[in-house]
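> My structure file query-v8.cif, mmCIF, C-alpha atoms, is below:
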```cif
data_structure
loop_
_atom_site.label_atom_id
_atom_site.label_comp_id
_atom_site.auth_asym_id
_atom_site.auth_seq_id
_atom_site.Cartn_x
_atom_site.Cartn_y
_atom_site.Cartn_z
CA MET A 1 142.23 83.23 97.24
CA ASN A 2 142.67 82.32 93.57
CA PHE A 3 142.16 78.67 94.48
CA VAL A 4 138.83 79.50 96.19
CA LYS A 5 137.66 81.44 93.11
CA LEU A 6 138.63 78.55 90.82
CA LEU A 7 136.81 76.06 93.05
CA PHE A 8 133.68 78.25 93.00
CA ILE A 9 133.75 78.50 89.19
CA LEU A 10 134.21 74.73 88.76
CA THR A 11 131.35 74.07 91.18
CA PHE A 12 129.10 76.46 89.26
CA LEU A 13 129.93 74.84 85.91
CA THR A 14 129.35 71.36 87.29
CA GLY A 15 125.96 72.45 88.60
CA CYS A 16 124.99 73.73 85.14
CA THR A 17 125.97 70.42 83.61
CA ILE A 18 123.92 68.42 86.09
CA ASN A 19 120.80 70.49 85.45
CA HIS A 20 121.23 70.34 81.68
CA SER A 21 118.43 67.96 80.75
CA HIS A 22 117.05 68.89 77.33
CA ALA A 23 117.21 66.42 74.50
CA LYS A 24 120.48 66.33 72.57
CA THR A 25 118.54 66.05 69.36
CA PHE A 26 114.87 66.18 68.50
CA PRO A 27 113.96 63.79 65.65
CA VAL A 28 112.16 66.55 63.75
CA GLU A 29 113.44 65.44 60.35
CA SER A 30 111.86 62.01 60.91
CA PHE A 31 108.49 63.42 61.95
CA VAL A 32 105.46 63.57 59.65
CA LYS A 33 101.91 64.82 59.95
CA ILE A 34 99.46 62.26 58.54
CA ASN A 35 96.32 63.45 56.75
CA VAL A 36 93.73 60.72 56.35
CA HIS A 37 90.74 60.76 54.01
CA THR A 38 88.37 57.82 54.47
CA SER A 39 85.45 57.14 52.13
CA ILE A 40 82.79 54.70 53.33
CA LEU A 41 80.24 53.36 50.89
CA LYS A 42 77.31 51.59 52.57
CA CYS A 43 74.86 49.74 50.37
CA LYS A 44 71.69 47.93 51.38
CA GLU A 45 69.24 46.12 49.15
CA ASP A 46 65.57 47.05 49.42
CA LYS A 47 63.68 43.76 49.85
CA ASN A 48 60.61 45.10 48.09
CA THR A 49 62.21 46.63 45.01
CA MET A 50 65.39 44.52 45.02
CA VAL A 51 67.30 47.73 44.33
CA SER A 52 70.41 48.61 46.30
CA LYS A 53 70.48 51.97 47.98
CA CYS A 54 73.95 53.35 48.67
CA LEU A 55 75.18 56.08 50.98
CA LYS A 56 78.67 57.55 50.77
CA GLU A 57 80.31 59.11 53.80
CA ASP A 58 83.63 60.99 53.81
CA TYR A 59 85.75 61.43 56.91
CA TYR A 60 88.90 63.48 57.38
CA SER A 61 91.30 63.03 60.27
CA VAL A 62 94.85 63.84 61.29
CA GLY A 63 97.55 61.85 63.02
CA SER A 64 101.28 61.93 63.66
CA GLY A 65 104.09 59.56 62.82
CA SER A 66 107.83 59.05 62.49
CA VAL A 67 110.01 57.32 59.92
CA VAL A 68 111.34 54.08 61.42
CA GLY A 69 112.64 52.34 58.29
CA LYS A 70 113.31 52.77 54.60
CA ASP A 71 114.50 50.99 51.49
CA LYS A 72 115.08 51.92 47.84
CA HIS A 73 111.36 52.26 47.19
CA HIS A 74 109.61 53.33 50.39
CA SER A 75 109.89 55.03 53.76
CA TYR A 76 108.08 53.22 56.58
CA ILE A 77 106.23 55.31 59.15
CA LEU A 78 105.11 54.27 62.61
CA THR A 79 101.76 55.59 63.76
CA ALA A 80 98.76 54.55 65.86
CA GLY A 81 96.55 51.71 64.69
CA HIS A 82 93.39 53.80 64.92
CA VAL A 83 94.94 56.31 62.50
CA CYS A 84 94.97 53.48 59.93
CA ILE A 85 91.68 51.78 60.79
CA THR A 86 88.32 53.54 60.86
CA ASP A 87 85.53 52.22 63.08
CA VAL A 88 82.33 51.78 61.08
CA LYS A 89 79.04 51.57 62.99
CA ASN A 90 76.39 49.10 61.85
CA LYS A 91 78.86 47.65 59.36
CA GLU A 92 77.23 44.22 59.61
CA LYS A 93 73.92 45.63 58.32
CA PHE A 94 75.41 46.92 55.08
CA ASN A 95 77.62 45.91 52.22
CA THR A 96 80.44 48.23 53.14
CA ILE A 97 83.43 49.38 51.09
CA ILE A 98 86.07 51.41 52.90
CA THR A 99 88.74 53.34 50.98
CA THR A 100 91.47 55.15 52.88
CA HIS A 101 93.91 57.64 51.38
CA PHE A 102 96.99 58.83 53.27
CA LEU A 103 99.10 61.94 52.69
CA VAL A 104 102.18 62.51 54.86
CA GLU A 105 103.87 65.90 55.19
CA ASN A 106 107.31 66.59 56.65
CA ARG A 107 108.85 69.80 58.00
CA LYS A 108 110.23 70.62 54.55
CA SER A 109 106.62 70.83 53.31
CA GLU A 110 107.18 67.75 51.16
CA VAL A 111 104.00 65.72 50.74
CA PHE A 112 103.97 62.01 49.90
CA GLU A 113 101.18 59.56 49.23
CA ALA A 114 101.22 56.56 51.52
CA GLU A 115 99.37 53.31 52.13
CA ILE A 116 98.98 50.80 54.94
CA PHE A 117 101.91 48.41 55.24
CA VAL A 118 100.94 46.42 58.32
CA VAL A 119 98.59 46.78 61.30
CA HIS A 120 99.37 45.02 64.59
CA PRO A 121 97.63 41.60 64.55
CA GLU A 122 95.95 42.26 67.90
CA MET A 123 94.48 45.50 66.53
CA LEU A 124 93.03 43.60 63.58
CA LYS A 125 91.33 41.24 66.03
CA GLY A 126 89.62 44.21 67.69
CA ASN A 127 92.07 44.38 70.59
CA LYS A 128 92.84 48.10 70.71
CA ARG A 129 95.50 47.71 73.37
CA ALA A 130 97.95 47.01 70.51
CA ASP A 131 97.30 50.38 68.84
CA LEU A 132 100.11 50.19 66.28
CA CYS A 133 100.38 50.55 62.50
CA LEU A 134 103.05 50.98 59.85
CA ILE A 135 102.32 52.88 56.67
CA LYS A 136 104.69 53.22 53.73
CA THR A 137 105.23 56.01 51.24
CA LYS A 138 104.56 55.10 47.61
CA ILE A 139 107.88 56.57 46.48
CA PRO A 140 111.33 56.79 48.12
CA THR A 141 112.09 59.79 50.34
CA LYS A 142 115.18 61.35 51.90
CA MET A 143 113.69 61.53 55.38
CA PRO A 144 116.06 60.07 58.01
CA ILE A 145 115.13 57.16 60.26
CA ILE A 146 114.49 57.80 63.93
CA LYS A 147 116.84 55.72 66.09
CA LEU A 148 115.46 53.11 68.49
CA SER A 149 116.52 53.07 72.11
CA THR A 150 118.02 49.78 73.26
CA ILE A 151 116.72 50.28 76.80
CA PRO A 152 113.29 51.39 78.10
CA PRO A 153 112.88 54.62 80.10
CA LYS A 154 112.98 54.61 83.89
CA MET A 155 110.49 56.15 86.29
CA GLY A 156 111.07 59.90 86.44
CA ASP A 157 113.12 60.13 83.23
CA VAL A 158 112.54 63.24 81.15
CA VAL A 159 110.98 62.31 77.81
CA TYR A 160 110.11 64.35 74.73
CA ASN A 161 107.50 64.35 72.03
CA VAL A 162 107.15 65.72 68.49
CA SER A 163 103.57 65.85 67.22
CA ALA A 164 100.81 67.68 65.36
CA PRO A 165 98.20 68.21 68.12
CA GLY A 166 94.85 69.16 66.67
CA GLY A 167 96.50 68.99 63.25
CA PHE A 168 98.58 72.06 64.14
CA PHE A 169 101.76 71.84 62.09
CA ILE A 170 103.25 74.79 60.19
CA PRO A 171 106.51 73.78 58.48
CA PRO A 172 109.35 74.28 59.03
CA SER A 173 108.32 74.67 62.69
CA VAL A 174 107.37 71.52 64.58
CA PRO A 175 105.46 71.38 67.91
CA MET A 176 107.74 69.88 70.57
CA PHE A 177 106.85 68.89 74.14
CA SER A 178 108.49 67.44 77.22
CA GLY A 179 107.36 65.58 80.30
CA HIS A 180 108.26 62.69 82.57
CA PHE A 181 108.00 58.97 82.16
CA SER A 182 105.61 58.06 84.98
CA GLY A 183 105.82 54.29 84.84
CA ARG A 184 104.19 51.29 83.23
CA ILE A 185 100.43 50.84 83.39
CA ASN A 186 100.55 47.27 82.12
CA GLU A 187 102.59 45.15 79.71
CA TRP A 188 101.32 47.21 76.77
CA HIS A 189 101.08 50.80 77.99
CA ASN A 190 103.00 53.54 79.80
CA LEU A 191 101.95 56.80 81.44
CA VAL A 192 103.76 59.99 80.42
CA THR A 193 103.14 63.61 81.46
CA ILE A 194 103.23 64.95 77.91
CA PRO A 195 100.37 67.12 76.59
CA ALA A 196 98.37 65.50 73.80
CA ILE A 197 95.03 65.89 72.03
CA GLY A 198 93.52 64.55 68.83
CA GLY A 199 96.20 64.62 66.14
CA SER A 200 98.92 63.58 68.59
CA SER A 201 98.10 59.91 68.02
CA GLY A 202 101.08 58.06 66.57
CA SER A 203 103.63 60.66 67.65
CA PRO A 204 107.03 59.48 68.90
CA VAL A 205 108.17 59.61 72.52
CA VAL A 206 111.96 59.93 72.74
CA ASN A 207 114.59 60.04 75.47
CA LYS A 208 117.35 62.64 76.02
CA GLN A 209 119.39 61.03 73.26
CA GLY A 210 116.51 61.53 70.80
CA ARG A 211 115.93 57.77 70.58
CA LEU A 212 112.47 56.24 70.34
CA VAL A 213 111.11 54.83 73.62
CA GLY A 214 107.35 54.88 72.96
CA MET A 215 104.45 56.22 70.91
CA ILE A 216 101.48 58.28 72.12
CA PHE A 217 98.06 56.93 71.17
CA ALA A 218 95.66 58.29 73.81
CA ALA A 219 95.18 61.33 76.05
CA ASN A 220 93.22 62.14 79.18
CA LEU A 221 90.15 64.19 78.22
CA GLN A 222 90.07 66.07 81.53
CA LEU A 223 93.82 66.66 81.85
CA HIS A 224 95.64 66.80 78.52
CA HIS A 225 99.06 66.62 80.18
CA LEU A 226 98.50 62.96 81.00
CA SER A 227 98.99 60.71 77.99
CA ILE A 228 99.18 57.00 77.32
CA SER A 229 102.00 55.64 75.19
CA MET A 230 102.71 52.22 73.84
CA ASN A 231 105.36 50.34 75.82
CA HIS A 232 108.97 50.57 74.56
CA ASP A 233 109.31 46.79 74.19
CA VAL A 234 106.02 46.44 72.29
CA VAL A 235 106.92 49.26 69.89
CA THR A 236 110.45 48.06 69.16
CA SER A 237 109.31 44.45 68.73
CA PHE A 238 106.60 45.51 66.27
CA ILE A 239 109.11 47.52 64.22
CA LYS A 240 111.80 44.84 64.22
CA GLU A 241 109.42 41.99 63.38
CA ASN A 242 108.04 43.82 60.35
CA LEU A 243 111.03 45.77 59.05
CA TYR A 244 114.25 44.07 60.14
#
```
For this file, produce the structure as structure tokens.

Amino acid sequence: MNFVKLLFILTFLTGCTINHSHAKTFPVESFVKINVHTSILKCKEDKNTMVSKCLKEDYYSVGSGSVVGKDKHHSYILTAGHVCITDVKNKEKFNTIITTHFLVENRKSEVFEAEIFVVHPEMLKGNKRADLCLIKTKIPTKMPIIKLSTIPPKMGDVVYNVSAPGGFFIPPSVPMFSGHFSGRINEWHNLVTIPAIGGSSGSPVVNKQGRLVGMIFAANLQLHHLSISMNHDVVTSFIKENLY
């Protein structure tokens, strides 16, 4: 009888272990909210008066990011390319000057100025499928580096996300989400069932070990629980080529 009880208890404990699927560690200390202020100065010369007329436009946006590298002087943050680059309509008709100012905030409410370090070459060519950018803080920080996964996720794997959707981020709390890796769309992009809206762009996708396996850059407008992330191999190659 005691043996039967012991067997039942062991079976119950094993079942709990099998169903235990939450992430061992969320990379919350590596996460940052990115506040972007873009000033666009458009000037056009009046052919009759030969006087330039200028119009200044200010835009404010929010993105997400994670620290993927650091040295004695800077921390390097991975985010989406469109967080770094602003589309300007009718740019060819004007003499245009674009100034972008970045402020990154972590869960300790520390705020750091940052600047663009490198944008993916394909993004610079106008190919938005490579929606990747690295920015760097202007001073050193103590934020830890998120670890990179050595292997990509498999279909059906549970994946997690830390982000600032809609700019919602109230330190020390951090919005955290989970979903499933739903497969590759193409050589650049994956589909994940993680909720995302504007502000989620650039946020890390991690596996159960808390290691980086992707980065969200787009969401489905009709169903916010379907998101597009950059492929694991593309993300890790971009980081390694520019930082290591």
> If you measure from atom CA of A:Pro27 to atom CA of A:Pro121, what distance in Å do you get, rounded to one decimal?
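Distance between the two atoms: 27.6 Å.
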> Could you list as a PyMOL selection string every residue that has an atom within 8 Å of (109.5, 74.6, 59.0), using the file's coordinates and counting only C-alpha atoms?
chain A and resi 107-109+170-174
> So how far away is atom CA of A:Val36 from atom CA of A:Gly198, in Å?
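Computed distance, atom CA of A:Gly198 to atom CA of A:Val36, equals 13.1 Å.
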> For atom CA of A:Lys53 and atom CA of A:Thr38, quote the distance in Å rounded to one decimal.
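Rounded to one decimal, the two atoms are 19.9 Å apart.
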> Which residues fall under the PyMOL selection byres ((chain A and resi 207-217) around 8) in this file, as a tab-separated table (two decimals) with C-alpha atoms, keeping the file's coordinate frame?

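In the end it all went to part08.tsv:
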```
chain	number	residue	atom	x	y	z
A	21	SER	CA	118.43	67.96	80.75
A	22	HIS	CA	117.05	68.89	77.33
A	23	ALA	CA	117.21	66.42	74.50
A	24	LYS	CA	120.48	66.33	72.57
A	25	THR	CA	118.54	66.05	69.36
A	26	PHE	CA	114.87	66.18	68.50
A	27	PRO	CA	113.96	63.79	65.65
A	79	THR	CA	101.76	55.59	63.76
A	80	ALA	CA	98.76	54.55	65.86
A	131	ASP	CA	97.30	50.38	68.84
A	146	ILE	CA	114.49	57.80	63.93
A	147	LYS	CA	116.84	55.72	66.09
A	148	LEU	CA	115.46	53.11	68.49
A	149	SER	CA	116.52	53.07	72.11
A	151	ILE	CA	116.72	50.28	76.80
A	152	PRO	CA	113.29	51.39	78.10
A	153	PRO	CA	112.88	54.62	80.10
A	157	ASP	CA	113.12	60.13	83.23
A	158	VAL	CA	112.54	63.24	81.15
A	159	VAL	CA	110.98	62.31	77.81
A	160	TYR	CA	110.11	64.35	74.73
A	200	SER	CA	98.92	63.58	68.59
A	201	SER	CA	98.10	59.91	68.02
A	202	GLY	CA	101.08	58.06	66.57
A	203	SER	CA	103.63	60.66	67.65
A	204	PRO	CA	107.03	59.48	68.90
A	205	VAL	CA	108.17	59.61	72.52
A	206	VAL	CA	111.96	59.93	72.74
A	218	ALA	CA	95.66	58.29	73.81
A	219	ALA	CA	95.18	61.33	76.05
A	227	SER	CA	98.99	60.71	77.99
A	228	ILE	CA	99.18	57.00	77.32
A	229	SER	CA	102.00	55.64	75.19
A	230	MET	CA	102.71	52.22	73.84
A	231	ASN	CA	105.36	50.34	75.82
A	232	HIS	CA	108.97	50.57	74.56
A	235	VAL	CA	106.92	49.26	69.89
```
> Take the PyMOL selection byres ((chain A and resi 65-69) around 7), run it mentally on this structure, and tell me the resulting residues as number ranges by chain.
A: 30-34, 63-64, 70, 75-79, 144-146, 202-204, 243
> Under the PyMOL selection byres ((chain A and resi 102) around 6), which residues of this model are included? Write them out as a ChimeraX atom specification.
/A:35-36,101,103,113-114
> What lies within 9 Å of A:Cys133 using all atoms listed in the file, ignoring chain neighbours under 4 positions off, as a VMD selection string?
chain A and resid 77 to 85 116 to 120 123 202 238
> Smallest atom-to-atom distance to A:Ala164: which of A:Gly183, A:Gly126, A:Pro140, A:Gly199, using all atoms listed in the file?
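Closest candidate: A:Gly199.
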> Which residues come within 9 Å of A:Thr193, counting all atoms listed in the file, excluding same-chain residues fewer than 3 positions away, as a PyMOL selection string?
chain A and resi 159+178-182+224-228
> Between A:His37, A:Lys154, A:Lys42, A:His189, which has the minimum distance to A:Ala130 (counting only C-alpha atoms)?
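Result for the nearest residue to A:Ala130: A:His189.
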> Go through A:Trp188, A:Pro195, A:Tyr60, A:Met143 and flag the residue nearest A:Leu221, using only C-alpha atoms for the distances.
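Closest residue, counting only C-alpha atoms: A:Pro195.
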> Using only C-alpha atoms, which of A:Gln222, A:Glu110, A:Met155, A:Ile239 sits nearest A:Val192?
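Closest to A:Val192 of all the choices is A:Met155.
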> Ranking A:Gly156, A:Lys128, A:Tyr59, A:Asp87 by minimum distance to A:Arg184 and counting all atoms listed in the file, which one comes first?
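Under the stated criterion, the closest residue is A:Gly156.
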> Would you compute an axis-aligned box for stretch 233-243 of chain A, covering every atom listed for it in the file with 8 Å of margin on each side, and report centre and edge lengths in Å to one decimal as AutoDock Vina command-line options?

```
--center_x 108.9 --center_y 45.6 --center_z 66.6 --size_x 21.8 --size_y 23.3 --size_z 31.1
```
